[in-house]
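Note sheet for the following structure.
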Amino acid sequence: FDAFAEDIRKVQQVAPLLDIAERQQSRAAMIFPFHDRLYRQPAHYLPEGYKGLGFYGAEQRPIDTVWPYHMASINVAELIFRAFGEVDVVDQRALRDDALSGYGAFVLTGTDYMDESDAKAIRSFVEKGGALVCDHVPSHSLSGKALRILDPLFRASPESFYRDVSVARDAFGDGATLLFSHDLQDLYSSSVEQNNLQRRHRIKDTIRAFLHGHGLRPSVRSSHYEIEANLLSTPDTLVLVAVNHAETRQQARLTLFAPALPITCAFDLVTMAP
């Protein structure tokens, strides 16, 4: 506790800076499928070996498929974070209100029901140069009628990806699309559950290569898989935060891409050393 208290006192010295520092908007976003949670609820089930209700800790249930979050694509957010380095979550009801402004990429996953105005916003986003990762083309409007607004974005023939999984790469306007034949939430979750490292890394590498090929980079990226990097900012200062999720001490190189401010000096907020 003494060592912990000493670290807290060190942080307190820079508390005024941290208090005003804000997280920057990511350069990639993913959908929160609000309408599908209402219209396409899955059957409730517990994974084999689990009984009753409740949330399970990481040591018992390190990943999450359907229970207890239902249609929330928790593991897709983890996938994009691991593949790209950052991601925001956008409620699909906000798409019509220009919610994708400022983003270079959007991940449309696990969504079948969509308002026509939201679908038009996604189509316009790609046409104007956005990159779109998708695992299911929404096919129903909120009235239950057929939705075909996004079909022109996915005309390319599929190519083999992994066993029975395929991907299709296409261009539309100034943008590009990457379509997976299977649900990303299930693909990535089952890869982790089954310890299928080949499929797990292939999914991440494919998404990363697609986004990088479109000229997109995160604000900051860590070279180490277990070290998370985030960037906060004030009008005149960037605050780089690194979190080690490994059980032992690790080292990593953190790379900043196109920082919003010119960097003239850098120092450690704990030691105050340059």
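Within each chain, counting starts at residue 1; across the structure tokens, chains are named A, B, ... in the order shown, with ligands numbered 1 upward in that order.
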Point to revise | Near-Pro33 in chain A list (7 Å; only C-alpha atoms; drop same-chain fewer than 3 positions) as a VMD selection string | key: chain A and resid 36 to 37 91 to 92 111
Practice item. Skip Glu159 in chain A itself and residues of its chain fewer than 3 positions away, then list as a PyMOL selection string all residues within 12 Å of it, counting only C-alpha atoms. Key: chain A and resi 156+162-170+178-181
Practice item. Considering only C-alpha atoms, return as a ChimeraX atom specification whatever protein or nucleic-acid residues lie within 7 Å of range 116-127 of chain A, sequence-local ones (same chain, fewer than 2 positions apart) excluded. Key: /A:92,95-96,114,129-132,141,149-150,172-176
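Counting only C-alpha atoms, the residue from A:Arg199, A:His214, A:His136, A:Lys204 that sits nearest to Ala171 in chain A is A:His214.
If you measure from each of A:His245, A:Glu226, A:Tyr39, A:Arg208 to Ser143 in chain A using only C-alpha atoms, the closest one turns out to be A:Tyr39.
Proximity ranking of A:Leu79, A:Ile20, A:Ile203, A:Ala5 relative to His182 in chain A places A:Ile203 first, based on only C-alpha atoms.
Near range 12-18 of chain A, within 9 Å and counting only C-alpha atoms, sit A:Asp7, A:Ile8, A:Glu22, A:Leu232, A:Thr234, A:Thr237, A:Val239, A:Leu269, A:Val270; same-chain residues fewer than 4 positions away were not included.
Distances here use only C-alpha atoms; by that measure, the residue among A:Phe84, A:Asn75, A:Met30, A:Pro274 closest to Glu193 in chain A is A:Asn75.
Among the candidates A:Asp236, A:Asp135, A:Asp115, A:Asp2, the residue lying nearest to Tyr188 in chain A is A:Asp135 (atoms considered: only C-alpha atoms).
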